[in-house]
file data_29.txt (compact mmCIF, C-alpha atoms)
# COMPACT_ATOMS: atom_id res chain seq x y z
CA MET A 1 19.58 6.42 20.78
CA ASP A 2 17.06 3.62 21.26
CA THR A 3 13.37 4.36 20.93
CA LYS A 4 12.62 3.92 24.65
CA THR A 5 15.14 6.63 25.54
CA LEU A 6 13.81 8.78 22.74
CA ILE A 7 10.26 8.54 24.10
CA SER A 8 11.38 9.24 27.63
CA GLU A 9 13.60 12.23 26.73
CA ALA A 10 10.93 13.73 24.49
CA LYS A 11 8.36 13.17 27.26
CA ALA A 12 6.12 11.77 24.56
CA ARG A 13 2.62 10.66 25.39
CA PHE A 14 1.20 7.45 24.01
CA ASN A 15 -1.68 8.31 21.66
CA HIS A 16 -4.35 5.67 22.29
CA ASN A 17 -6.70 6.91 19.59
CA ALA A 18 -4.05 6.75 16.89
CA ALA A 19 -2.98 3.32 18.14
CA LYS A 20 -6.56 2.10 18.03
CA ALA A 21 -6.95 3.39 14.48
CA GLN A 22 -3.78 1.72 13.25
CA LEU A 23 -4.84 -1.59 14.77
CA LYS A 24 -8.14 -1.33 12.92
CA ASP A 25 -6.23 -0.66 9.69
CA LYS A 26 -3.97 -3.59 10.34
CA TYR A 27 -6.57 -6.18 11.27
CA ASP A 28 -9.61 -5.16 9.21
CA GLY A 29 -7.93 -6.33 6.04
CA LYS A 30 -7.00 -9.65 7.63
CA LEU A 31 -10.69 -10.43 8.11
CA ILE A 32 -11.16 -10.51 4.35
CA ILE A 33 -10.82 -13.84 2.60
CA ALA A 34 -11.51 -15.29 -0.82
CA ASP A 35 -13.52 -18.52 -0.80
CA GLN A 36 -15.79 -20.38 -3.21
CA GLY A 37 -15.47 -17.76 -5.91
CA GLY A 38 -16.39 -14.79 -3.72
CA LEU A 39 -14.72 -12.27 -1.44
CA TRP A 40 -15.94 -12.21 2.16
CA LYS A 41 -15.32 -10.32 5.35
CA ALA A 42 -15.53 -12.43 8.49
CA THR A 43 -18.06 -10.41 10.50
CA PRO A 44 -20.24 -11.57 13.40
CA GLU A 45 -23.31 -10.75 11.25
CA LEU A 46 -22.28 -12.96 8.33
CA ILE A 47 -21.19 -15.76 10.64
CA SER A 48 -24.50 -15.59 12.52
CA PHE A 49 -26.46 -15.65 9.29
CA LEU A 50 -24.61 -18.69 8.01
CA ASP A 51 -25.05 -20.38 11.34
CA SER A 52 -28.77 -19.67 11.44
CA ALA A 53 -29.50 -20.91 7.91
CA SER A 54 -28.80 -24.45 9.05
CA GLU A 55 -31.60 -26.02 6.97
CA ASP A 56 -29.89 -25.07 3.72
CA ASN A 57 -26.79 -26.75 2.37
CA PHE A 58 -26.29 -24.00 -0.17
CA VAL A 59 -27.08 -20.30 0.16
CA ILE A 60 -26.70 -17.38 -2.19
CA LEU A 61 -24.88 -14.38 -0.76
CA ILE A 62 -23.78 -11.02 -2.07
CA ASP A 63 -20.00 -10.88 -1.71
CA ASN A 64 -17.79 -7.84 -1.13
CA PHE A 65 -17.70 -7.17 -4.87
CA ASP A 66 -21.52 -7.11 -4.95
CA ASN A 67 -21.73 -10.37 -6.86
CA PRO A 68 -24.32 -13.00 -5.89
CA VAL A 69 -22.41 -16.18 -5.17
CA GLN A 70 -23.81 -19.62 -4.36
CA VAL A 71 -21.82 -21.13 -1.53
CA ASP A 72 -21.60 -24.31 0.49
CA ARG A 73 -22.93 -22.83 3.73
CA GLU A 74 -21.13 -25.06 6.19
CA LYS A 75 -17.80 -24.83 4.41
CA LEU A 76 -17.90 -21.02 4.30
CA LEU A 77 -19.05 -20.89 7.93
CA THR A 78 -16.06 -22.96 9.02
CA VAL A 79 -13.61 -20.78 7.07
CA LEU A 80 -15.11 -17.50 8.30
CA LYS A 81 -15.33 -18.62 11.90
CA GLY A 82 -11.70 -19.77 11.84
CA THR A 83 -10.55 -16.49 10.28
CA TYR A 84 -12.59 -14.40 12.72
CA GLN A 85 -11.30 -16.22 15.80
CA LYS A 86 -7.67 -16.10 14.69
CA VAL A 87 -7.67 -12.42 13.65
CA MET A 88 -9.67 -11.21 16.66
CA LEU A 89 -7.41 -13.06 19.07
CA GLU A 90 -4.35 -11.36 17.55
CA TRP A 91 -6.13 -7.97 17.50
CA HIS A 92 -7.20 -8.30 21.12
CA LYS A 93 -3.74 -9.40 22.24
CA GLU A 94 -2.05 -6.44 20.56
CA TRP A 95 -4.72 -4.05 21.86
CA LYS A 96 -4.13 -5.27 25.41
CA GLU A 97 -0.40 -4.63 24.99
CA LEU A 98 -1.04 -1.10 23.73
CA GLU A 99 -3.67 -0.36 26.35
CA SER A 100 -1.17 -1.00 29.09
CA LYS A 101 1.08 1.80 27.78
CA ARG A 102 0.97 5.20 29.37
CA MET B 1 2.52 -18.81 -13.59
CA ASN B 2 5.53 -16.97 -12.31
CA ARG B 3 5.18 -14.08 -9.94
CA GLY B 4 7.53 -11.25 -9.06
CA ALA B 5 7.87 -7.63 -8.06
CA ILE B 6 9.08 -4.70 -10.12
CA LEU B 7 10.53 -1.44 -8.81
CA PHE B 8 11.30 1.76 -10.71
CA ALA B 9 14.36 3.52 -9.30
CA PHE B 10 16.00 6.60 -10.78
CA ASN B 11 18.23 8.68 -8.56
CA SER B 12 17.52 12.36 -8.21
CA PRO B 13 20.12 14.89 -7.04
CA LYS B 14 18.60 14.67 -3.57
CA PHE B 15 17.59 11.03 -3.09
CA ASN B 16 19.18 7.72 -3.90
CA TYR B 17 16.23 5.72 -5.18
CA TYR B 18 18.45 2.82 -6.24
CA ASP B 19 19.56 2.23 -2.64
CA MET B 20 15.93 2.45 -1.54
CA ALA B 21 15.05 -0.14 -4.19
CA VAL B 22 17.78 -2.47 -2.91
CA ALA B 23 16.41 -2.25 0.63
CA THR B 24 12.83 -2.76 -0.52
CA ALA B 25 13.82 -5.66 -2.77
CA LYS B 26 15.50 -7.43 0.15
CA ARG B 27 12.32 -7.10 2.17
CA VAL B 28 10.19 -8.33 -0.74
CA ASN B 29 12.48 -11.38 -1.04
CA HIS B 30 12.32 -11.96 2.70
CA PHE B 31 8.63 -11.41 3.46
CA LEU B 32 6.99 -12.23 0.13
CA ASP B 33 9.48 -14.79 -1.18
CA MET B 34 9.39 -13.16 -4.61
CA PRO B 35 12.07 -12.22 -7.12
CA VAL B 36 12.48 -8.51 -7.80
CA THR B 37 13.28 -6.73 -11.06
CA VAL B 38 14.52 -3.17 -11.02
CA VAL B 39 13.96 -0.68 -13.83
CA THR B 40 16.64 1.96 -13.64
CA ASP B 41 19.34 3.77 -15.59
CA GLU B 42 23.11 3.34 -15.71
CA ALA B 43 23.73 6.50 -13.68
CA SER B 44 21.58 5.36 -10.76
CA ILE B 45 23.17 1.98 -10.17
CA SER B 46 25.35 1.99 -7.12
CA GLU B 47 27.66 -0.72 -5.90
CA SER B 48 25.77 -3.23 -3.86
CA PRO B 49 26.32 -6.91 -3.26
CA TYR B 50 22.57 -7.39 -3.70
CA LYS B 51 21.59 -9.00 -6.99
CA PHE B 52 18.20 -8.21 -8.47
CA ASP B 53 16.45 -10.95 -10.41
CA LYS B 54 16.75 -8.69 -13.45
CA THR B 55 18.05 -5.18 -13.98
CA ILE B 56 16.38 -3.40 -16.88
CA LEU B 57 18.02 -0.22 -18.12
CA VAL B 58 15.85 2.46 -19.70
CA GLU B 59 16.30 6.09 -20.66
CA PRO B 60 14.92 8.17 -17.78
CA ASP B 61 12.44 10.94 -18.47
CA LYS B 62 13.83 13.87 -16.46
CA SER B 63 11.09 16.35 -17.28
CA ASN B 64 9.34 16.25 -13.90
CA SER B 65 10.12 18.17 -10.74
CA ARG B 66 8.89 18.74 -7.21
CA ASP B 67 9.54 21.39 -4.61
CA TRP B 68 12.80 19.63 -3.69
CA GLY B 69 14.10 19.27 -7.25
CA MET B 70 14.12 16.82 -10.16
CA TRP B 71 11.84 13.81 -9.68
CA ILE B 72 12.11 10.98 -12.18
CA ASN B 73 8.79 9.24 -11.76
CA LYS B 74 7.53 9.18 -15.32
CA GLY B 75 7.43 6.04 -17.42
CA ARG B 76 5.66 3.80 -14.91
CA TYR B 77 3.38 2.72 -17.76
CA GLN B 78 6.30 0.63 -19.04
CA ALA B 79 5.76 -1.80 -16.16
CA TYR B 80 3.44 -3.92 -18.26
CA ALA B 81 5.86 -4.30 -21.15
CA LEU B 82 8.99 -4.61 -19.02
CA SER B 83 7.78 -6.99 -16.35
CA PRO B 84 9.25 -10.45 -16.88
CA TYR B 85 6.52 -11.99 -14.73
CA ASP B 86 3.02 -13.29 -15.48
CA GLU B 87 1.81 -11.77 -12.22
CA THR B 88 3.52 -8.59 -11.07
CA LEU B 89 3.58 -6.55 -7.92
CA LEU B 90 4.56 -2.99 -8.84
CA LEU B 91 5.77 -1.14 -5.76
CA ASP B 92 7.10 2.30 -4.96
CA THR B 93 10.65 2.04 -3.64
CA ASP B 94 9.60 3.75 -0.41
CA TYR B 95 7.02 1.13 0.51
CA MET B 96 8.11 -0.66 3.68
CA VAL B 97 7.14 -4.32 3.49
CA ASN B 98 6.79 -5.79 6.97
CA SER B 99 4.49 -8.75 6.38
CA ASN B 100 3.20 -11.06 3.68
CA LYS B 101 -0.27 -9.53 3.72
CA ILE B 102 0.00 -8.05 0.26
CA LEU B 103 0.22 -11.55 -1.20
CA ASP B 104 -3.51 -11.91 -0.49
CA VAL B 105 -4.32 -9.61 -3.40
CA PHE B 106 -3.32 -12.37 -5.79
CA ASN B 107 -6.23 -14.42 -4.41
CA TYR B 108 -8.74 -11.57 -4.76
CA TYR B 109 -8.10 -9.69 -7.95
CA ASP B 110 -9.25 -10.38 -11.49
CA ASP B 111 -6.19 -9.05 -13.25
CA PHE B 112 -5.48 -5.59 -11.78
CA CYS B 113 -5.75 -3.90 -8.42
CA CYS B 114 -4.51 -0.89 -6.51
CA HIS B 115 -5.44 1.01 -3.37
CA ASN B 116 -8.37 3.44 -3.45
CA LYS B 117 -8.42 4.21 0.29
CA THR B 118 -5.69 5.46 2.55
CA SER B 119 -5.09 6.24 6.17
CA PHE B 120 -2.35 8.23 7.85
CA LEU B 121 -0.53 6.94 10.90
CA MET B 122 -1.03 9.33 13.86
CA GLN B 123 -3.58 11.31 11.88
CA PRO B 124 -6.71 9.12 11.79
CA GLY B 125 -9.71 10.74 10.20
CA LEU B 126 -7.88 12.70 7.53
CA PRO B 127 -10.12 12.89 4.44
CA GLN B 128 -9.36 10.88 1.32
CA GLU B 129 -7.43 12.80 -1.32
CA VAL B 130 -9.32 13.90 -4.41
CA LEU B 131 -7.99 15.02 -7.80
CA SER B 132 -10.00 18.20 -7.31
CA VAL B 133 -13.31 19.16 -5.75
CA TYR B 134 -14.93 18.52 -9.13
CA SER B 135 -13.26 15.20 -9.75
CA PHE B 136 -12.60 11.70 -8.46
CA ASP B 137 -11.09 10.26 -5.30
CA THR B 138 -7.42 9.60 -5.93
CA LEU B 139 -6.22 6.07 -6.54
CA TRP B 140 -2.74 5.16 -5.41
CA ALA B 141 0.06 3.83 -7.60
CA THR B 142 2.17 2.90 -4.56
CA VAL B 143 1.10 -0.75 -4.71
CA VAL B 144 -0.28 -2.20 -7.92
CA ALA B 145 -0.77 -5.87 -8.70
CA PHE B 146 -1.47 -7.01 -12.23
CA LYS B 147 -1.66 -10.07 -14.38
CA LYS B 148 -0.82 -9.85 -18.07
CA SER B 149 -4.09 -9.62 -19.97
CA SER B 150 -5.58 -7.52 -22.74
CA ARG B 151 -7.39 -5.38 -20.15
CA THR B 152 -4.30 -4.62 -18.10
CA LYS B 153 -2.42 -3.87 -21.32
CA GLN B 154 -5.11 -1.27 -22.04
CA ILE B 155 -4.81 0.18 -18.55
CA PHE B 156 -1.07 0.72 -18.96
CA GLU B 157 -1.57 2.12 -22.47
CA CYS B 158 -4.06 4.58 -20.98
CA LEU B 159 -1.50 5.42 -18.30
CA GLU B 160 0.96 6.30 -21.05
CA MET B 161 -1.66 8.39 -22.81
CA VAL B 162 -2.55 10.29 -19.64
CA GLN B 163 1.12 10.89 -18.85
CA LYS B 164 1.72 12.29 -22.33
CA ASN B 165 -1.36 14.53 -22.10
CA PHE B 166 -1.20 15.35 -18.42
CA GLU B 167 -1.83 19.05 -18.87
CA HIS B 168 -4.98 18.37 -20.89
CA TYR B 169 -6.32 16.07 -18.16
CA SER B 170 -5.43 18.58 -15.48
CA ASN B 171 -7.53 21.16 -17.29
CA LEU B 172 -10.41 18.72 -17.60
CA HIS B 173 -10.32 17.66 -13.96
CA GLY B 174 -9.21 20.91 -12.37
CA PHE B 175 -5.96 19.90 -10.72
CA VAL B 176 -2.53 21.50 -10.93
CA ALA B 177 -0.40 19.88 -13.63
CA GLY B 178 2.92 21.33 -12.49
CA THR B 179 4.15 18.04 -11.07
CA PHE B 180 3.29 14.77 -12.75
CA ARG B 181 1.90 12.25 -10.30
CA ASN B 182 1.47 8.58 -11.06
CA ASP B 183 -1.43 8.45 -8.60
CA TYR B 184 -3.41 10.98 -10.61
CA ALA B 185 -2.49 9.36 -13.93
CA LEU B 186 -3.56 5.96 -12.62
CA THR B 187 -6.85 7.38 -11.32
CA LEU B 188 -7.71 8.65 -14.79
CA ALA B 189 -6.28 5.74 -16.76
CA LEU B 190 -8.16 3.09 -14.82
CA ARG B 191 -11.46 4.89 -15.25
CA ILE B 192 -10.89 5.35 -18.98
CA ALA B 193 -9.98 1.68 -19.42
CA ASN B 194 -13.11 0.70 -17.49
CA GLY B 195 -15.39 2.71 -19.78
CA HIS B 196 -15.38 5.78 -17.53
CA SER B 197 -16.61 3.88 -14.56
CA SER B 198 -15.04 2.25 -11.56
CA VAL B 199 -14.92 -1.47 -10.84
CA LYS B 200 -14.86 -2.66 -7.23
CA GLN B 201 -12.65 -5.64 -8.05
CA ASP B 202 -9.85 -3.25 -9.01
CA PHE B 203 -9.37 -2.05 -5.46
CA ILE B 204 -7.38 -3.63 -2.68
CA PRO B 205 -9.88 -4.20 0.14
CA TRP B 206 -7.89 -2.51 2.88
CA ASN B 207 -6.30 0.89 3.36
CA LEU B 208 -2.90 1.94 2.15
CA VAL B 209 -1.17 3.20 5.28
CA HIS B 210 0.85 6.37 4.77
CA LEU B 211 3.39 7.90 7.02
CA GLY B 212 2.76 11.60 6.41
CA GLN B 213 5.43 14.09 5.52
CA LYS B 214 5.02 16.70 8.19
CA ASN B 215 5.24 16.42 11.96
CA VAL B 216 5.51 12.62 11.85
CA HIS B 217 8.71 10.65 12.12
CA ILE B 218 9.26 6.93 12.32
CA TYR B 219 12.08 5.09 14.08
CA ARG B 220 12.87 1.42 13.98
CA ASN B 221 12.85 -0.35 17.33
CA ASN B 222 15.92 -2.45 16.61
CA ASP B 223 18.73 -2.72 14.09
CA ASP B 224 17.74 -6.07 12.64
CA GLU B 225 17.74 -5.82 8.82
CA PHE B 226 14.24 -7.25 8.71
CA ASN B 227 12.91 -5.40 11.73
CA THR B 228 9.12 -5.07 11.76
CA GLU B 229 8.63 -3.00 14.92
CA TYR B 230 8.63 0.78 14.84
CA THR B 231 7.90 3.82 16.96
CA VAL B 232 6.01 6.64 15.29
CA MET B 233 6.50 10.10 16.80
CA TYR B 234 4.15 12.97 16.15
CA ASP B 235 4.56 16.67 16.89
CA ASN B 236 1.09 17.72 17.94
CA TRP B 237 0.84 21.51 17.91
CA GLN B 238 -1.43 22.78 20.64
CA ARG B 239 -1.72 26.46 21.55
CA GLY B 240 1.64 27.30 20.02
CA LYS B 241 3.46 24.44 21.75
CA ILE B 242 4.51 21.05 20.51
CA LYS B 243 3.27 18.05 22.45
CA LYS B 244 5.13 14.92 21.46
CA GLU B 245 2.96 11.86 20.96
CA TYR B 246 3.85 8.37 19.85
CA ILE B 247 2.53 4.96 18.96
CA THR B 248 4.28 1.68 18.31
CA ILE B 249 3.48 -0.53 15.34
CA LYS B 250 4.56 -3.97 14.26
CA ASP B 251 4.16 -6.32 11.28
CA MET B 252 2.37 -3.64 9.28
CA ASP B 253 3.24 -2.49 5.76
CA PHE B 254 3.37 1.26 5.20
CA HIS B 255 4.36 3.91 2.69
CA VAL B 256 6.91 6.46 3.85
CA MET B 257 6.29 9.80 2.18
CA ASN B 258 9.34 11.41 3.75
CA LYS B 259 12.23 10.00 1.70
CA LEU B 260 14.87 11.14 4.20
CA ASN B 261 13.03 9.25 6.91
CA PHE B 262 12.92 6.17 4.67
CA MET B 263 16.68 6.42 4.11
CA GLU B 264 17.19 6.54 7.88
CA LEU B 265 15.11 3.41 8.32
CA ILE B 266 17.15 1.40 5.82
CA ALA B 267 20.57 2.77 6.85

call {"tool": "encode", "arguments": {"input": "data_29.txt", "output": "C-alpha cells"}}
result
Amino acid sequence: MDTKTLISEAKARFNHNAAKAQLKDKYDGKLIIADQGGLWKATPELISFLDSASEDNFVILIDNFDNPVQVDREKLLTVLKGTYQKVMLEWHKEWKELESKR
Amino acid sequence: MNRGAILFAFNSPKFNYYDMAVATAKRVNHFLDMPVTVVTDEASISESPYKFDKTILVEPDKSNSRDWGMWINKGRYQAYALSPYDETLLLDTDYMVNSNKILDVFNYYDDFCCHNKTSFLMQPGLPQEVLSVYSFDTLWATVVAFKKSSRTKQIFECLEMVQKNFEHYSNLHGFVAGTFRNDYALTLALRIANGHSSVKQDFIPWNLVHLGQKNVHIYRNNDDEFNTEYTVMYDNWQRGKIKKEYITIKDMDFHVMNKLNFMELIA
C-alpha cells in the first residue's frame, strides 16, 4: 500500500505543529558553519551586527563554542549572508509545501 | 587523512543487526561517500553481495539483555582501537542516513563529538533524557565522530572502564543498571575524560532526531533503495480513541528506535 492510500484509509490528519518542529530541527543545523577558526550560526542578529560594523576590517566575536575569535568582518558577512539566504529559501519552500497540506 | 565509518553489528535472536548494517553501510557509501567497516562475529554474517571496506571479527559479549531478549551492544569502546581510519564516524546500525549533513561535524570538532540534544518526530517538546534526576543529561552514542588522538584514546578507555563497572556507576548516579546502555556509558566516560566537566566542542550543534518506539511508525514514500522521503504516522490517544496524525519528511537523517520498523524500511 502506498503512503497516500495509507493516509487516506487511516483518515489521518496532517500535524502542522509536528511538521513545523521537524523543519526547525532540519534547517537549524544547516545555519551553522565553521569559518575563520570559529563556529557561527547565520542569524539576522549576527549578520546585522557585521553589516553595521562597517568601519572595522576586523572584529572580535564570541563564537558558538564561547571562544573569542578575530575575524575578517566582510568575509564572514559574505559567508553568513550566503548561508542564511540559501537555507532560509529551502526552509520557506518546504514550509509552503507542508502548509498546503490538510 | 583517511576517513570512514564503523558499525557494530551482532545479531540477537530477534533482530538481524548485520542486515541493518549492510543497509546503513550502503547509505553511508551513497550519501557520505565513505568506506564502511563492520565489527561483527562469524555467527552474524549473512550472505550479501555487499562488500564492506573491512570486516573485523571479534568475540561478542552476550551478557546484556533488554525486555525483548539478548542485546549485544557491549564493546563499543573497541571502536578506537579497531577503526582503520584516521577520522571515524561511529554509527548505530539503525541510523537512517538521508543526507550528507553529518559530514559537517568534521569541520567543527576538535577530535571528538556526539549528540547531547535530541528531538522526537511527532512528539516535539519531549524533555531531554537524564541519567537520573540527580545526574546529567544523557549524551547519545548513536552518532560519534572522532579523530585518533591521545584525548580520544582516553575517552574510549574511560568507556571501557565505565562498561566494566557499570553497576558501580549506576549506584553513584542513581540509574538502573539492569541493561547496559552505551549512551549512559558515553555520558559518564566523556565527563571523566574531560576532568569531570563538559566541553561544548564535544557536542554536535544540532539535535539527534529520534523516531520513538511507541505510537509512531514510519513508512517510506517510494521503493527506491536510496529513498529520502518518508511519512510518519502517529497514534494520538484522545479521550480513549486513537486519532491518526501524520507528517512527511525528506532529506533528514534520523534514528529509528523501533528495530522492526527499521527492518521494514530497508526491506

call {"tool": "interface_residues", "arguments": {"input": "data_29.txt", "of": "chain B", "to": "chain A", "cutoff": "6 Å", "atoms": "only C-alpha atoms", "output": "number ranges by chain"}}
result
B: 122, 200, 206, 221, 244-247

call {"tool": "residues_around", "arguments": {"input": "data_29.txt", "residues": "range 251-267 of chain B", "least_positions_apart": "2", "cutoff": "9 Å", "atoms": "only C-alpha atoms", "output": "PyMOL selection string"}}
result
(chain A and resi 26) or (chain B and resi 15-16+19-20+23-24+92+94-102+121+142+208-214+217-220+225+227-229+249)

call {"tool": "atom_distance", "arguments": {"input": "data_29.txt", "atom1": "CA of Ser83 in chain B", "atom2": "CA of Ala43 in chain B"}}
result
21.1 Å

call {"tool": "closest_residue", "arguments": {"input": "data_29.txt", "among": "B:Phe106, B:Asp86, B:Glu157, B:Thr187", "to": "Glu129 in chain B", "atoms": "all atoms listed in the file"}}
result
B:Thr187

call {"tool": "residues_near_point", "arguments": {"input": "data_29.txt", "point": "(-19.0, -17.9, 10.8)", "cutoff": "12 Å", "atoms": "all atoms listed in the file", "output": "mmCIF file with C-alpha atoms, in the frame of the given file"}}
result
data_model
loop_
_atom_site.group_PDB
_atom_site.id
_atom_site.type_symbol
_atom_site.label_atom_id
_atom_site.label_comp_id
_atom_site.auth_asym_id
_atom_site.auth_seq_id
_atom_site.Cartn_x
_atom_site.Cartn_y
_atom_site.Cartn_z
ATOM 1 C CA LEU A 31 -10.690 -10.430 8.110
ATOM 2 C CA TRP A 40 -15.940 -12.210 2.160
ATOM 3 C CA LYS A 41 -15.320 -10.320 5.350
ATOM 4 C CA ALA A 42 -15.530 -12.430 8.490
ATOM 5 C CA THR A 43 -18.060 -10.410 10.500
ATOM 6 C CA PRO A 44 -20.240 -11.570 13.400
ATOM 7 C CA GLU A 45 -23.310 -10.750 11.250
ATOM 8 C CA LEU A 46 -22.280 -12.960 8.330
ATOM 9 C CA ILE A 47 -21.190 -15.760 10.640
ATOM 10 C CA SER A 48 -24.500 -15.590 12.520
ATOM 11 C CA PHE A 49 -26.460 -15.650 9.290
ATOM 12 C CA LEU A 50 -24.610 -18.690 8.010
ATOM 13 C CA ASP A 51 -25.050 -20.380 11.340
ATOM 14 C CA SER A 52 -28.770 -19.670 11.440
ATOM 15 C CA ALA A 53 -29.500 -20.910 7.910
ATOM 16 C CA SER A 54 -28.800 -24.450 9.050
ATOM 17 C CA ARG A 73 -22.930 -22.830 3.730
ATOM 18 C CA GLU A 74 -21.130 -25.060 6.190
ATOM 19 C CA LYS A 75 -17.800 -24.830 4.410
ATOM 20 C CA LEU A 76 -17.900 -21.020 4.300
ATOM 21 C CA LEU A 77 -19.050 -20.890 7.930
ATOM 22 C CA THR A 78 -16.060 -22.960 9.020
ATOM 23 C CA VAL A 79 -13.610 -20.780 7.070
ATOM 24 C CA LEU A 80 -15.110 -17.500 8.300
ATOM 25 C CA LYS A 81 -15.330 -18.620 11.900
ATOM 26 C CA GLY A 82 -11.700 -19.770 11.840
ATOM 27 C CA THR A 83 -10.550 -16.490 10.280
ATOM 28 C CA TYR A 84 -12.590 -14.400 12.720
ATOM 29 C CA GLN A 85 -11.300 -16.220 15.800
#

call {"tool": "atom_distance", "arguments": {"input": "data_29.txt", "atom1": "CA of Pro49 in chain B", "atom2": "CA of Val22 in chain B"}}
result
9.6 Å

call {"tool": "axis_aligned_box", "arguments": {"input": "data_29.txt", "around": "range 46-56 of chain B", "padding_each_side": "5 Å", "output": "AutoDock Vina command-line options"}}
result
--center_x 22.0 --center_y -4.5 --center_z -10.1 --size_x 21.3 --size_y 22.9 --size_z 23.6

call {"tool": "residues_near_point", "arguments": {"input": "data_29.txt", "point": "(18.1, 12.3, -7.5)", "cutoff": "10 Å", "atoms": "only C-alpha atoms", "output": "list in words"}}
result
Ala9, Phe10, Asn11, Ser12, Pro13, Lys14, Phe15, Asn16, Tyr17, Tyr18, Ser44, Trp68, Gly69, Met70, Trp71 and Ile72 of chain B

call {"tool": "atom_distance", "arguments": {"input": "data_29.txt", "atom1": "CA of Ala81 in chain B", "atom2": "CA of His115 in chain B"}}
result
21.7 Å
